[in-house]
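Engineer: Contents are TSV, C-alpha atoms; file name protein-v2.tsv:
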chain	number	residue	atom	x	y	z
A	1026	MET	CA	141.01	122.14	135.04
A	1027	SER	CA	142.68	120.25	137.86
A	1028	LEU	CA	143.44	116.64	137.14
A	1029	LYS	CA	145.75	116.26	140.09
A	1030	TRP	CA	144.67	112.71	140.82
A	1031	THR	CA	143.50	111.51	137.46
A	1032	ILE	CA	146.67	112.26	135.53
A	1033	PRO	CA	149.13	110.39	137.77
A	1034	ILE	CA	146.80	107.40	137.79
A	1035	LEU	CA	146.61	107.39	134.04
A	1036	VAL	CA	150.24	108.25	133.38
A	1037	ALA	CA	151.91	105.80	135.78
A	1038	PRO	CA	150.88	102.62	133.95
A	1039	TRP	CA	151.83	104.13	130.59
A	1040	GLY	CA	155.37	104.68	131.83
A	1041	PHE	CA	155.47	101.11	133.03
A	1042	PHE	CA	154.03	99.97	129.74
A	1043	LEU	CA	156.49	101.90	127.61
A	1044	LEU	CA	159.37	100.59	129.66
A	1045	SER	CA	158.19	97.07	128.98
A	1046	GLY	CA	158.54	97.81	125.28
A	1047	CYS	CA	155.00	96.80	124.29
A	1048	ILE	CA	152.80	99.17	122.30
A	1049	THR	CA	149.51	98.14	120.75
A	1050	ASN	CA	147.17	100.02	118.49
A	1051	PRO	CA	144.11	101.15	120.45
A	1052	ASP	CA	140.55	101.69	119.32
A	1053	LEU	CA	139.96	105.35	120.05
A	1054	GLY	CA	136.71	105.35	118.15
A	1055	ASP	CA	136.24	107.96	115.51
A	1056	VAL	CA	137.23	110.93	117.61
A	1057	SER	CA	140.51	111.62	115.88
A	1058	GLY	CA	138.51	111.22	112.65
A	1059	ILE	CA	136.17	114.01	113.76
A	1060	PHE	CA	139.14	116.35	113.82
A	1061	SER	CA	140.52	115.36	110.44
A	1062	GLN	CA	137.10	115.26	108.72
A	1063	GLU	CA	135.25	118.17	110.29
A	1064	PHE	CA	138.04	120.70	110.34
A	1065	LYS	CA	139.60	120.37	106.91
A	1066	PRO	CA	142.30	121.30	106.07
A	1067	ALA	CA	143.47	120.59	109.63
A	1068	ARG	CA	146.29	118.08	109.73
A	1069	LEU	CA	146.67	115.36	112.30
A	1070	GLU	CA	149.82	113.37	112.89
A	1071	THR	CA	149.96	110.54	115.38
A	1072	LYS	CA	152.67	110.88	118.03
A	1073	VAL	CA	151.64	108.15	120.44
A	1074	ARG	CA	148.89	105.56	120.41
A	1075	LEU	CA	148.73	102.85	122.98
A	1076	GLU	CA	146.37	100.66	124.90
A	1077	LEU	CA	146.56	99.12	128.34
A	1078	GLY	CA	144.31	96.11	128.78
A	1079	PRO	CA	143.42	94.22	131.95
A	1080	GLY	CA	146.64	92.15	131.95
A	1081	LEU	CA	149.05	95.04	131.71
A	1082	LEU	CA	146.97	97.10	134.13
A	1083	SER	CA	147.27	94.33	136.70
A	1084	LEU	CA	151.04	94.52	136.37
A	1085	ALA	CA	150.88	98.29	136.69
A	1086	LYS	CA	148.77	97.91	139.83
A	1087	LEU	CA	151.49	95.73	141.33
A	1088	GLY	CA	154.04	98.45	140.61
A	1089	ILE	CA	151.86	101.20	142.01
A	1090	ASN	CA	151.03	99.13	145.08
A	1091	LEU	CA	154.56	99.69	146.29
A	1092	THR	CA	154.35	103.46	146.04
A	1093	ASP	CA	150.80	104.75	146.41
A	1094	SER	CA	147.92	102.78	147.90
A	1095	GLN	CA	145.35	105.45	147.00
A	1096	ALA	CA	146.38	105.43	143.35
A	1097	LYS	CA	146.17	101.65	143.41
A	1098	GLU	CA	142.62	101.88	144.75
A	1099	TYR	CA	141.57	104.07	141.82
A	1100	LEU	CA	143.50	102.00	139.33
A	1101	SER	CA	141.67	98.89	140.49
A	1102	ASP	CA	138.47	100.42	139.10
A	1103	ILE	CA	139.97	100.71	135.62
A	1104	ARG	CA	139.70	97.86	133.14
A	1105	LYS	CA	141.25	99.41	130.07
A	1106	ILE	CA	143.00	102.64	129.08
A	1107	GLU	CA	143.54	103.90	125.55
A	1108	LEU	CA	145.70	106.91	124.76
A	1109	GLY	CA	146.33	108.86	121.61
A	1110	VAL	CA	148.56	111.91	121.29
A	1111	TYR	CA	148.54	113.80	117.99
A	1112	ASP	CA	150.31	116.82	116.55
A	1113	ILE	CA	147.62	119.02	115.10
A	1114	SER	CA	147.69	122.09	112.89
A	1115	GLY	CA	145.34	124.20	110.81
A	1116	LEU	CA	142.43	124.13	113.25
A	1117	PRO	CA	139.80	126.88	113.36
A	1118	SER	CA	139.15	128.73	116.65
A	1119	LEU	CA	138.72	126.67	119.79
A	1120	ASN	CA	135.11	127.87	120.08
A	1121	LYS	CA	134.21	126.27	116.76
A	1122	VAL	CA	136.05	123.09	117.64
A	1123	TRP	CA	134.44	122.88	121.08
A	1124	GLU	CA	130.90	123.16	119.72
A	1125	LYS	CA	131.41	120.80	116.80
A	1126	VAL	CA	133.15	118.11	118.82
A	1127	SER	CA	130.52	118.31	121.58
A	1128	LEU	CA	127.78	117.88	119.00
A	1129	ARG	CA	129.42	114.97	117.22
A	1130	MET	CA	130.15	113.15	120.47
A	1131	ALA	CA	126.54	113.63	121.61
A	1132	GLN	CA	125.37	112.19	118.28
A	1133	GLU	CA	127.49	109.14	118.98
A	1134	GLY	CA	125.84	108.59	122.35
A	1135	TRP	CA	128.37	110.24	124.66
A	1136	GLN	CA	127.08	112.33	127.57
A	1137	ILE	CA	128.95	115.49	128.42
A	1138	LEU	CA	130.35	115.78	131.92
A	1139	VAL	CA	132.74	118.72	131.75
A	1140	LYS	CA	133.51	121.34	129.09
A	1141	SER	CA	136.31	123.66	129.96
A	1142	LYS	CA	138.32	126.12	127.93
A	1143	ASP	CA	140.57	129.09	128.24
A	1144	LYS	CA	142.50	131.17	125.68
A	1145	THR	CA	144.73	128.34	124.50
A	1146	ASN	CA	143.34	125.09	125.82
A	1147	MET	CA	140.13	123.11	125.63
A	1148	SER	CA	139.17	120.06	127.67
A	1149	LEU	CA	136.08	117.95	127.25
A	1150	ILE	CA	135.13	114.98	129.41
A	1151	PHE	CA	132.40	112.64	128.22
A	1152	TYR	CA	131.02	109.42	129.64
A	1153	ARG	CA	128.96	106.51	128.49
A	1154	LEU	CA	127.44	104.11	130.99
A	1155	LYS	CA	126.86	100.40	130.62
A	1156	ARG	CA	125.45	99.12	133.91
A	1157	LYS	CA	126.31	98.80	137.59
A	1158	GLY	CA	128.44	101.91	137.41
A	1159	ARG	CA	130.60	100.53	134.62
A	1160	GLY	CA	131.23	102.42	131.44
A	1161	TRP	CA	133.65	104.64	129.60
A	1162	LEU	CA	135.16	108.01	130.31
A	1163	TYR	CA	136.53	109.97	127.36
A	1164	LEU	CA	138.89	112.88	127.83
A	1165	ILE	CA	139.71	115.20	124.95
A	1166	ASN	CA	142.34	117.81	125.55
A	1167	LEU	CA	143.33	120.22	122.82
A	1168	ASP	CA	145.63	123.16	122.46
A	1169	GLN	CA	146.76	124.82	119.25
A	1170	THR	CA	149.40	122.19	118.52
A	1171	GLU	CA	148.48	118.99	120.31
A	1172	LEU	CA	145.44	116.78	120.71
A	1173	VAL	CA	145.31	114.23	123.52
A	1174	LEU	CA	142.62	111.56	123.62
A	1175	VAL	CA	142.18	109.30	126.62
A	1176	LYS	CA	139.50	106.65	126.84
A	1177	VAL	CA	139.09	104.81	130.13
A	1178	GLU	CA	136.90	101.79	130.66
A	1179	GLY	CA	135.93	100.54	134.10
A	1180	LYS	CA	133.99	101.42	137.22
A	1181	LEU	CA	133.73	105.14	136.87
A	1182	GLU	CA	131.97	106.43	139.93
A	1183	ARG	CA	134.97	106.89	142.21
A	1184	LEU	CA	137.10	108.36	139.43
A	1185	ILE	CA	134.41	110.85	138.50
A	1186	GLU	CA	133.67	111.74	142.10
A	1187	LYS	CA	137.35	112.42	142.71
A	1188	ALA	CA	137.71	114.39	139.49
A	1189	LEU	CA	134.74	116.56	140.44
A	1190	GLN	CA	136.01	117.13	143.96
A	1191	GLU	CA	139.34	118.21	142.52
A	1192	GLU	CA	137.68	120.36	139.87
A	1193	ARG	CA	137.86	124.11	140.42
A	1194	TRP	CA	134.80	125.31	138.58
A	1195	ASN	CA	135.89	128.86	139.04
A	1196	SER	CA	139.38	129.88	138.21
A	1197	SER	CA	139.24	133.50	139.27
A	1198	PRO	CA	141.12	134.67	142.37
A	1199	HIS	CA	137.80	135.95	143.78
A	1200	TYR	CA	136.35	132.46	143.99
A	1201	ARG	CA	139.57	130.93	145.26
A	1202	ILE	CA	139.55	133.34	148.18
A	1203	LYS	CA	135.85	132.78	148.74
A	1204	GLN	CA	136.24	128.99	148.75
A	1205	SER	CA	139.26	128.95	150.98
A	1206	SER	CA	137.43	130.99	153.62
A	1207	PHE	CA	134.97	128.14	154.27
B	1500	MET	CA	93.34	77.93	145.51
B	1501	LYS	CA	93.52	78.48	141.77
B	1502	SER	CA	91.77	81.83	142.07
B	1503	LYS	CA	94.19	82.91	144.82
B	1504	VAL	CA	97.15	82.15	142.56
B	1505	LEU	CA	95.46	84.07	139.76
B	1506	LEU	CA	94.76	87.00	142.06
B	1507	PHE	CA	98.36	86.95	143.34
B	1508	THR	CA	99.70	86.92	139.76
B	1509	LEU	CA	97.41	89.79	138.83
B	1510	LEU	CA	98.50	91.75	141.90
B	1511	LEU	CA	102.16	91.21	141.03
B	1512	SER	CA	101.56	92.39	137.48
B	1513	VAL	CA	99.83	95.54	138.71
B	1514	LEU	CA	102.64	96.22	141.19
B	1515	ARG	CA	105.25	95.71	138.50
B	1516	PHE	CA	103.41	98.02	136.13
B	1517	SER	CA	102.97	100.71	138.77
B	1518	SER	CA	106.61	100.50	139.81
B	1519	GLU	CA	107.71	100.87	136.23
B	1520	THR	CA	105.52	103.88	135.68
B	1521	SER	CA	106.40	105.51	139.02
B	1522	PHE	CA	110.11	104.97	138.98
B	1523	GLY	CA	110.73	104.69	135.27
B	1524	GLU	CA	113.33	106.97	133.79
B	1525	GLU	CA	111.86	110.45	133.67
B	1526	SER	CA	113.64	113.06	131.68
B	1527	VAL	CA	115.23	115.59	134.00
B	1528	GLU	CA	114.17	118.38	131.64
B	1529	ASN	CA	110.54	117.65	132.59
B	1530	LEU	CA	111.10	118.01	136.33
B	1531	PRO	CA	109.79	121.21	137.94
B	1532	GLY	CA	113.19	122.18	139.31
B	1533	TYR	CA	114.93	122.13	135.93
B	1534	VAL	CA	115.93	125.37	134.25
B	1535	ASP	CA	117.30	125.78	130.76
B	1536	PHE	CA	119.68	128.74	130.89
B	1537	GLY	CA	119.50	128.94	127.12
B	1538	SER	CA	122.27	129.53	124.68
B	1539	MET	CA	125.44	131.13	125.98
B	1540	GLU	CA	126.49	132.10	122.48
B	1541	GLU	CA	126.95	135.73	123.48
B	1542	PHE	CA	129.69	134.65	125.84
B	1543	GLN	CA	131.39	132.02	123.72
B	1544	ASP	CA	134.41	134.25	123.26
B	1545	SER	CA	135.02	134.34	127.00
B	1546	GLU	CA	138.62	133.78	127.94
B	1547	GLU	CA	137.66	131.05	130.36
B	1548	SER	CA	134.59	128.91	130.47
B	1549	VAL	CA	133.55	125.78	132.35
B	1550	GLU	CA	130.35	123.79	132.04
B	1551	VAL	CA	129.67	120.81	134.27
B	1552	THR	CA	126.59	118.63	133.90
B	1553	ILE	CA	126.00	115.71	136.24
B	1554	LYS	CA	122.66	114.02	135.87
B	1555	ASP	CA	121.00	110.70	136.48
B	1556	PRO	CA	121.91	107.88	136.16
B	1557	LEU	CA	125.49	109.05	136.66
B	1558	LEU	CA	124.52	111.15	139.68
B	1559	SER	CA	122.88	108.14	141.36
B	1560	ILE	CA	125.97	106.06	140.70
B	1561	ILE	CA	128.26	108.68	142.20
B	1562	THR	CA	125.87	109.02	145.15
B	1563	LYS	CA	125.98	105.27	145.81
B	1564	ALA	CA	129.75	105.29	145.57
B	1565	THR	CA	130.00	107.89	148.33
B	1566	LYS	CA	127.87	105.88	150.75
B	1567	ARG	CA	130.78	103.89	152.17
B	1568	ASP	CA	133.59	106.46	152.10
B	1569	ASN	CA	131.67	109.66	152.68
B	1570	PRO	CA	128.25	109.20	154.32
B	1571	GLU	CA	127.81	112.94	154.75
B	1572	LEU	CA	128.21	113.54	151.04
B	1573	PHE	CA	125.89	110.61	150.39
B	1574	GLY	CA	123.23	112.38	152.45
B	1575	LEU	CA	123.74	115.57	150.49
B	1576	LEU	CA	123.55	113.99	147.07
B	1577	SER	CA	120.71	111.57	147.73
B	1578	GLY	CA	117.59	112.65	145.92
B	1579	LEU	CA	119.36	114.99	143.51
B	1580	LYS	CA	118.68	114.50	139.80
B	1581	LEU	CA	120.88	117.10	138.19
B	1582	ILE	CA	123.68	119.51	138.97
B	1583	GLN	CA	124.57	121.87	136.17
B	1584	VAL	CA	127.09	124.67	136.46
B	1585	HIS	CA	128.05	127.24	133.84
B	1586	THR	CA	130.84	129.63	134.66
B	1587	PHE	CA	132.54	132.01	132.28
B	1588	SER	CA	134.78	135.02	132.47
B	1589	LEU	CA	133.37	138.44	131.63
B	1590	LYS	CA	134.84	141.48	129.98
B	1591	LYS	CA	134.02	144.95	131.24
B	1592	SER	CA	132.25	145.64	127.97
B	1593	GLN	CA	129.81	142.77	128.62
B	1594	ARG	CA	128.10	144.38	131.60
B	1595	THR	CA	124.88	145.12	129.70
B	1596	LEU	CA	124.91	141.77	127.97
B	1597	ILE	CA	125.22	139.74	131.16
B	1598	LYS	CA	122.65	141.92	132.90
B	1599	GLU	CA	120.17	141.25	130.09
B	1600	LYS	CA	120.92	137.53	130.23
B	1601	ALA	CA	120.37	137.40	133.99
B	1602	ASP	CA	117.16	139.46	133.72
B	1603	LYS	CA	115.84	137.11	131.06
B	1604	ILE	CA	116.45	134.08	133.29
B	1605	THR	CA	114.97	135.89	136.28
B	1606	ARG	CA	111.78	136.75	134.37
B	1607	LYS	CA	111.47	133.14	133.26
B	1608	LEU	CA	111.84	131.90	136.84
B	1609	GLN	CA	109.32	134.34	138.27
B	1610	LYS	CA	106.82	133.47	135.55
B	1611	ARG	CA	107.11	129.80	136.50
B	1612	GLY	CA	106.55	130.41	140.21
B	1613	TRP	CA	110.11	130.32	141.50
B	1614	GLU	CA	110.72	132.15	144.76
B	1615	ARG	CA	113.72	134.39	145.31
B	1616	ILE	CA	115.31	133.68	148.70
B	1617	VAL	CA	118.51	135.69	148.32
B	1618	LYS	CA	119.27	138.97	146.62
B	1619	ALA	CA	122.61	140.63	147.23
B	1620	LYS	CA	123.63	143.53	145.06
B	1621	GLU	CA	126.73	145.65	145.13
B	1622	LEU	CA	128.32	147.95	142.58
B	1623	LYS	CA	130.35	145.21	140.92
B	1624	GLU	CA	128.54	142.12	142.10
B	1625	LYS	CA	125.12	140.58	142.09
B	1626	ASP	CA	123.98	137.30	143.65
B	1627	GLU	CA	120.49	135.86	143.50
B	1628	ILE	CA	119.21	132.49	144.65
B	1629	TYR	CA	115.84	131.08	143.67
B	1630	ILE	CA	114.00	127.95	144.78
B	1631	LYS	CA	111.14	126.01	143.26
B	1632	THR	CA	108.88	124.28	145.73
B	1633	THR	CA	106.42	121.48	145.13
B	1634	GLY	CA	104.26	121.00	148.19
B	1635	GLU	CA	106.55	121.13	151.19
B	1636	LYS	CA	109.64	120.12	149.28
B	1637	ILE	CA	112.26	122.09	147.40
B	1638	ALA	CA	112.46	120.63	143.91
B	1639	GLY	CA	114.92	123.01	142.33
B	1640	LEU	CA	117.45	125.71	143.05
B	1641	VAL	CA	119.03	128.31	140.82
B	1642	VAL	CA	122.01	130.51	141.65
B	1643	LEU	CA	122.90	133.51	139.52
B	1644	SER	CA	126.20	134.97	140.61
B	1645	ILE	CA	127.75	137.80	138.61
B	1646	GLN	CA	130.86	139.85	139.16
B	1647	TYR	CA	130.77	142.46	136.44
B	1648	GLY	CA	133.95	142.59	134.42
B	1649	ASN	CA	135.19	139.40	136.03
B	1650	GLU	CA	133.09	136.25	136.04
B	1651	ALA	CA	129.56	134.86	136.04
B	1652	ALA	CA	128.21	131.58	137.36
B	1653	PHE	CA	124.80	130.04	136.70
B	1654	VAL	CA	123.93	126.98	138.76
B	1655	ASN	CA	120.86	124.75	138.67
B	1656	ILE	CA	120.31	121.88	141.09
B	1657	VAL	CA	117.31	119.63	140.53
B	1658	GLY	CA	115.82	117.06	142.87
B	1659	ASN	CA	114.89	116.76	146.49
B	1660	ILE	CA	116.99	119.53	148.00
B	1661	ASN	CA	117.87	120.09	151.60
B	1662	LEU	CA	118.61	123.79	151.78
B	1663	ASP	CA	120.55	123.55	155.05
B	1664	SER	CA	123.10	121.21	153.55
B	1665	LEU	CA	123.74	123.03	150.29
B	1666	GLY	CA	126.63	125.01	151.74
B	1667	LYS	CA	128.32	121.69	152.54
B	1668	LEU	CA	127.64	120.41	149.04
B	1669	SER	CA	129.31	123.53	147.72
B	1670	SER	CA	132.42	123.02	149.78
B	1671	GLN	CA	132.65	119.38	148.65
B	1672	PHE	CA	132.31	120.13	144.95
B	1673	HIS	CA	133.31	123.81	144.88
B	1674	ILE	CA	130.00	124.90	143.40
B	1675	PRO	CA	130.07	128.68	143.04
B	1676	GLY	CA	127.56	130.89	144.81
B	1677	LEU	CA	126.34	128.33	147.33
B	1678	ASP	CA	129.07	128.46	149.91
B	1679	SER	CA	127.56	131.30	151.88
B	1680	LEU	CA	123.95	130.25	151.43
B	1681	ASP	CA	123.34	129.63	155.13
B	1682	LEU	CA	124.49	133.12	156.04
B	1683	LYS	CA	122.58	134.81	153.28
B	1684	THR	CA	119.30	133.01	153.86
B	1685	GLY	CA	119.55	133.93	157.50
B	1686	ASP	CA	119.79	137.59	156.57
B	1687	GLU	CA	117.36	137.91	153.77
B	1688	LYS	CA	114.80	135.18	153.78
For the structure just supplied, provide its representation as structure tokens.
Structural biologist:
Amino acid sequence: MSLKWTIPILVAPWGFFLLSGCITNPDLGDVSGIFSQEFKPARLETKVRLELGPGLLSLAKLGINLTDSQAKEYLSDIRKIELGVYDISGLPSLNKVWEKVSLRMAQEGWQILVKSKDKTNMSLIFYRLKRKGRGWLYLINLDQTELVLVKVEGKLERLIEKALQEERWNSSPHYRIKQSSF
Amino acid sequence: MKSKVLLFTLLLSVLRFSSETSFGEESVENLPGYVDFGSMEEFQDSEESVEVTIKDPLLSIITKATKRDNPELFGLLSGLKLIQVHTFSLKKSQRTLIKEKADKITRKLQKRGWERIVKAKELKEKDEIYIKTTGEKIAGLVVLSIQYGNEAAFVNIVGNINLDSLGKLSSQFHIPGLDSLDLKTGDEK
């Protein structure tokens, strides 16, 4: 799954944030709990957990303003970012994880936007809307050793539109050739 | 005067009620253009798999967001209620399985009055496009695109669909199977 635009936007403020030496404990809901409860005896160890609120994001926007106006435009739609990175071991097959996590997230009111997996990696993107285009986007990325959770709050429409335009729904060479010919 | 006010209030109430019932949130699953592709359990061991589901109200929000920056895309998305795409890789040994799956969906579509507008079949590839019409309008579209031993894509678009612009929608969002729709409909309609 291509996250060409989304990742730099999300990563840039974290770098800024880490350099400033401030790390807070974010509320990533119960998603990491789903992994430790549903897939026993899987083990989860926190590597990084941080949260960027409106204040720190404003500072990040100032920094990004100097380098990339487009990234700044997307960042201006974000109100809050939470990140969790975990070492994970003892999981069952990705297929089982993918189905169970999708189900549990749906039970908690999250709508699925994208489910993507290959041999070693699984990505799920969920959303939950409030009103006027505001809401949350939840990205879950998992491989055999690492779980990454990203929760973004803000005006989602432009971020989602961009993510979908960047998304290659077909990864095979056949489709790449077919698409590039138009 | 009093009766006019009363009549006006009554009229407003009726209008409010009718607008709520006409434009209230209707489940996309109940729309004529919606198709449930069913469980893909048989293919859950595929090496690669992508499912994308964009439905209202998110679709409306994205549509509105494109109005300023991309009016052409706004025109394409307006009126759509759902875009769902399932793609997954296929093994050579799954030829019969995917054929059965596609036949099952095809039978379901034909039973419900869907019209096939494209059928392209080669030794290793099969593409079919179906539309569901209500009155003069196209209310749904289904694409079944299979490359045996390689990959399959099932697409369902629900809402008020402009067939001429679907190729453009495909190039904007890389939706499989739609990119050559204009050419194919010209040949086989």
Engineer: Dump as JSON lines the rows for residues of chain A within 6 Å of chain B: closest atom pair and distance in Å with one decimal, only C-alpha atoms counted, ordered by chain and rising residue number.
Structural biologist:
{"residue": "A:Leu1138", "atom": "CA", "partner": "B:Thr1552", "partner_atom": "CA", "distance": 5.1}
{"residue": "A:Val1139", "atom": "CA", "partner": "B:Val1551", "partner_atom": "CA", "distance": 4.5}
{"residue": "A:Lys1140", "atom": "CA", "partner": "B:Glu1550", "partner_atom": "CA", "distance": 5.0}
{"residue": "A:Ser1141", "atom": "CA", "partner": "B:Val1549", "partner_atom": "CA", "distance": 4.2}
{"residue": "A:Lys1142", "atom": "CA", "partner": "B:Ser1548", "partner_atom": "CA", "distance": 5.3}
{"residue": "A:Asp1143", "atom": "CA", "partner": "B:Glu1547", "partner_atom": "CA", "distance": 4.1}
{"residue": "A:Lys1144", "atom": "CA", "partner": "B:Glu1546", "partner_atom": "CA", "distance": 5.2}
{"residue": "A:Gly1158", "atom": "CA", "partner": "B:Ile1560", "partner_atom": "CA", "distance": 5.8}
{"residue": "A:Glu1182", "atom": "CA", "partner": "B:Ile1561", "partner_atom": "CA", "distance": 4.9}
{"residue": "A:Gln1190", "atom": "CA", "partner": "B:Phe1672", "partner_atom": "CA", "distance": 4.9}
Engineer: Residues near segment 1108-1117 of chain A, anyone? I mean within 8 Å using only C-alpha atoms, not counting same-chain ones fewer than 5 positions away, as a ChimeraX atom specification.
Structural biologist: /A:1051,1053,1064-1076,1122,1169-1176
Engineer: If we count all atoms listed in the file, what is near Gly1078 of chain A at a cut-off of 9 Å, once residues fewer than 2 positions away on the same chain are taken out, given as an mmCIF file with C-alpha atoms, in the coordinates of the input?
Structural biologist:
data_model
loop_
_atom_site.group_PDB
_atom_site.id
_atom_site.type_symbol
_atom_site.label_atom_id
_atom_site.label_comp_id
_atom_site.auth_asym_id
_atom_site.auth_seq_id
_atom_site.Cartn_x
_atom_site.Cartn_y
_atom_site.Cartn_z
ATOM 1 C CA GLU A 1076 146.370 100.660 124.900
ATOM 2 C CA GLY A 1080 146.640 92.150 131.950
ATOM 3 C CA LEU A 1081 149.050 95.040 131.710
ATOM 4 C CA LEU A 1082 146.970 97.100 134.130
ATOM 5 C CA SER A 1083 147.270 94.330 136.700
ATOM 6 C CA ARG A 1104 139.700 97.860 133.140
ATOM 7 C CA LYS A 1105 141.250 99.410 130.070
ATOM 8 C CA ILE A 1106 143.000 102.640 129.080
ATOM 9 C CA GLU A 1107 143.540 103.900 125.550
#
Engineer: Pick the closest to Lys1155 of chain A from A:Glu1178, A:Asp1168, A:Ile1137, A:Gly1058: which is it, counting only C-alpha atoms?
Structural biologist: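 Ranking A:Glu1178, A:Asp1168, A:Ile1137, A:Gly1058 by distance to Lys1155 of chain A, first place goes to A:Glu1178.
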Engineer: Figure out the distance between atom CA of Leu1100 of chain A and atom CA of Leu1579 of chain B, please, to one decimal in Å.
Structural biologist: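 A separation of 27.7 Å between them.
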Engineer: Can you work out the spacing between atom CA of Lys1631 of chain B and atom CA of Gly1532 of chain B in Å, to one decimal?
Structural biologist: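 Rounded to one decimal, the two atoms are 5.9 Å apart.
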Engineer: To one decimal place, how far is atom CA of Asp1555 of chain B from atom CA of Thr1633 of chain B in Å?
Structural biologist: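 Value for the atom CA of Asp1555 of chain B-atom CA of Thr1633 of chain B distance: 20.1 Å.
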Engineer: Tell me, as a ChimeraX atom specification, which residues lie within 10 Å of Gln1593 of chain B, counting all atoms listed in the file; anything in the same chain fewer than 6 positions away does not count.
Structural biologist: /B:1541-1542,1599,1647-1649
Engineer: Measuring between only C-alpha atoms, which one of B:Ile1582, B:Ile1645, B:Pro1570, B:Ile1637 shows the shortest distance to Asp1602 of chain B?
Structural biologist: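 Once distances to Asp1602 of chain B are computed over only C-alpha atoms, the minimum belongs to B:Ile1645.
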Engineer: Could you pull the residues within 6 Å of Glu1627 of chain B, counting all atoms listed in the file, minus those fewer than 2 positions along the same chain, as an NGL selection string?
Structural biologist: :B and (1617-1618 or 1642-1643)
Engineer: Give me, as a PyMOL selection string, all polymer residues having an atom no more than 8 Å from Val1534 of chain B, counting all atoms listed in the file and skipping those fewer than 5 positions away in the same chain.
Structural biologist: chain B and resi 1528+1641+1655
Engineer: Between B:Lys1636, B:Lys1603, B:Trp1613, B:Leu1608, which one has atoms that come closest to Gly1578 of chain B, using only C-alpha atoms?
Structural biologist: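 Ranked by minimum distance to Gly1578 of chain B, first place goes to B:Lys1636.
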Engineer: Output: segment 1576-1606 of chain B of the preceding structure, restricted to C-alpha atoms, written as a PDB file, in the first residue's frame.
Structural biologist:
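Heads up, here's the output in out05.pdb:
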ATOM      1  CA  LEU B1576     -18.138  11.343  -7.641  1.00  0.00           C
ATOM      2  CA  SER B1577     -21.345  13.316  -7.208  1.00  0.00           C
ATOM      3  CA  GLY B1578     -24.284  11.005  -6.781  1.00  0.00           C
ATOM      4  CA  LEU B1579     -22.220   7.950  -5.896  1.00  0.00           C
ATOM      5  CA  LYS B1580     -23.135   6.103  -2.696  1.00  0.00           C
ATOM      6  CA  LEU B1581     -20.560   3.351  -2.545  1.00  0.00           C
ATOM      7  CA  ILE B1582     -17.334   2.222  -4.149  1.00  0.00           C
ATOM      8  CA  GLN B1583     -16.145  -1.195  -3.077  1.00  0.00           C
ATOM      9  CA  VAL B1584     -13.147  -2.961  -4.542  1.00  0.00           C
ATOM     10  CA  HIS B1585     -11.841  -6.429  -3.721  1.00  0.00           C
ATOM     11  CA  THR B1586      -8.633  -7.529  -5.348  1.00  0.00           C
ATOM     12  CA  PHE B1587      -6.627 -10.610  -4.521  1.00  0.00           C
ATOM     13  CA  SER B1588      -3.863 -12.644  -6.052  1.00  0.00           C
ATOM     14  CA  LEU B1589      -4.660 -16.056  -7.501  1.00  0.00           C
ATOM     15  CA  LYS B1590      -2.727 -19.273  -7.666  1.00  0.00           C
ATOM     16  CA  LYS B1591      -2.838 -21.442 -10.767  1.00  0.00           C
ATOM     17  CA  SER B1592      -4.592 -24.115  -8.741  1.00  0.00           C
ATOM     18  CA  GLN B1593      -7.483 -21.733  -7.991  1.00  0.00           C
ATOM     19  CA  ARG B1594      -8.744 -21.520 -11.566  1.00  0.00           C
ATOM     20  CA  THR B1595     -11.845 -23.620 -10.889  1.00  0.00           C
ATOM     21  CA  LEU B1596     -12.506 -21.922  -7.581  1.00  0.00           C
ATOM     22  CA  ILE B1597     -12.444 -18.400  -8.996  1.00  0.00           C
ATOM     23  CA  LYS B1598     -14.492 -19.469 -11.995  1.00  0.00           C
ATOM     24  CA  GLU B1599     -17.166 -20.868  -9.678  1.00  0.00           C
ATOM     25  CA  LYS B1600     -17.112 -17.706  -7.589  1.00  0.00           C
ATOM     26  CA  ALA B1601     -17.515 -15.482 -10.654  1.00  0.00           C
ATOM     27  CA  ASP B1602     -20.303 -17.706 -12.045  1.00  0.00           C
ATOM     28  CA  LYS B1603     -22.141 -17.517  -8.744  1.00  0.00           C
ATOM     29  CA  ILE B1604     -22.008 -13.711  -8.756  1.00  0.00           C
ATOM     30  CA  THR B1605     -23.000 -13.623 -12.428  1.00  0.00           C
ATOM     31  CA  ARG B1606     -26.056 -15.821 -11.794  1.00  0.00           C
TER      32      ARG B1606
END
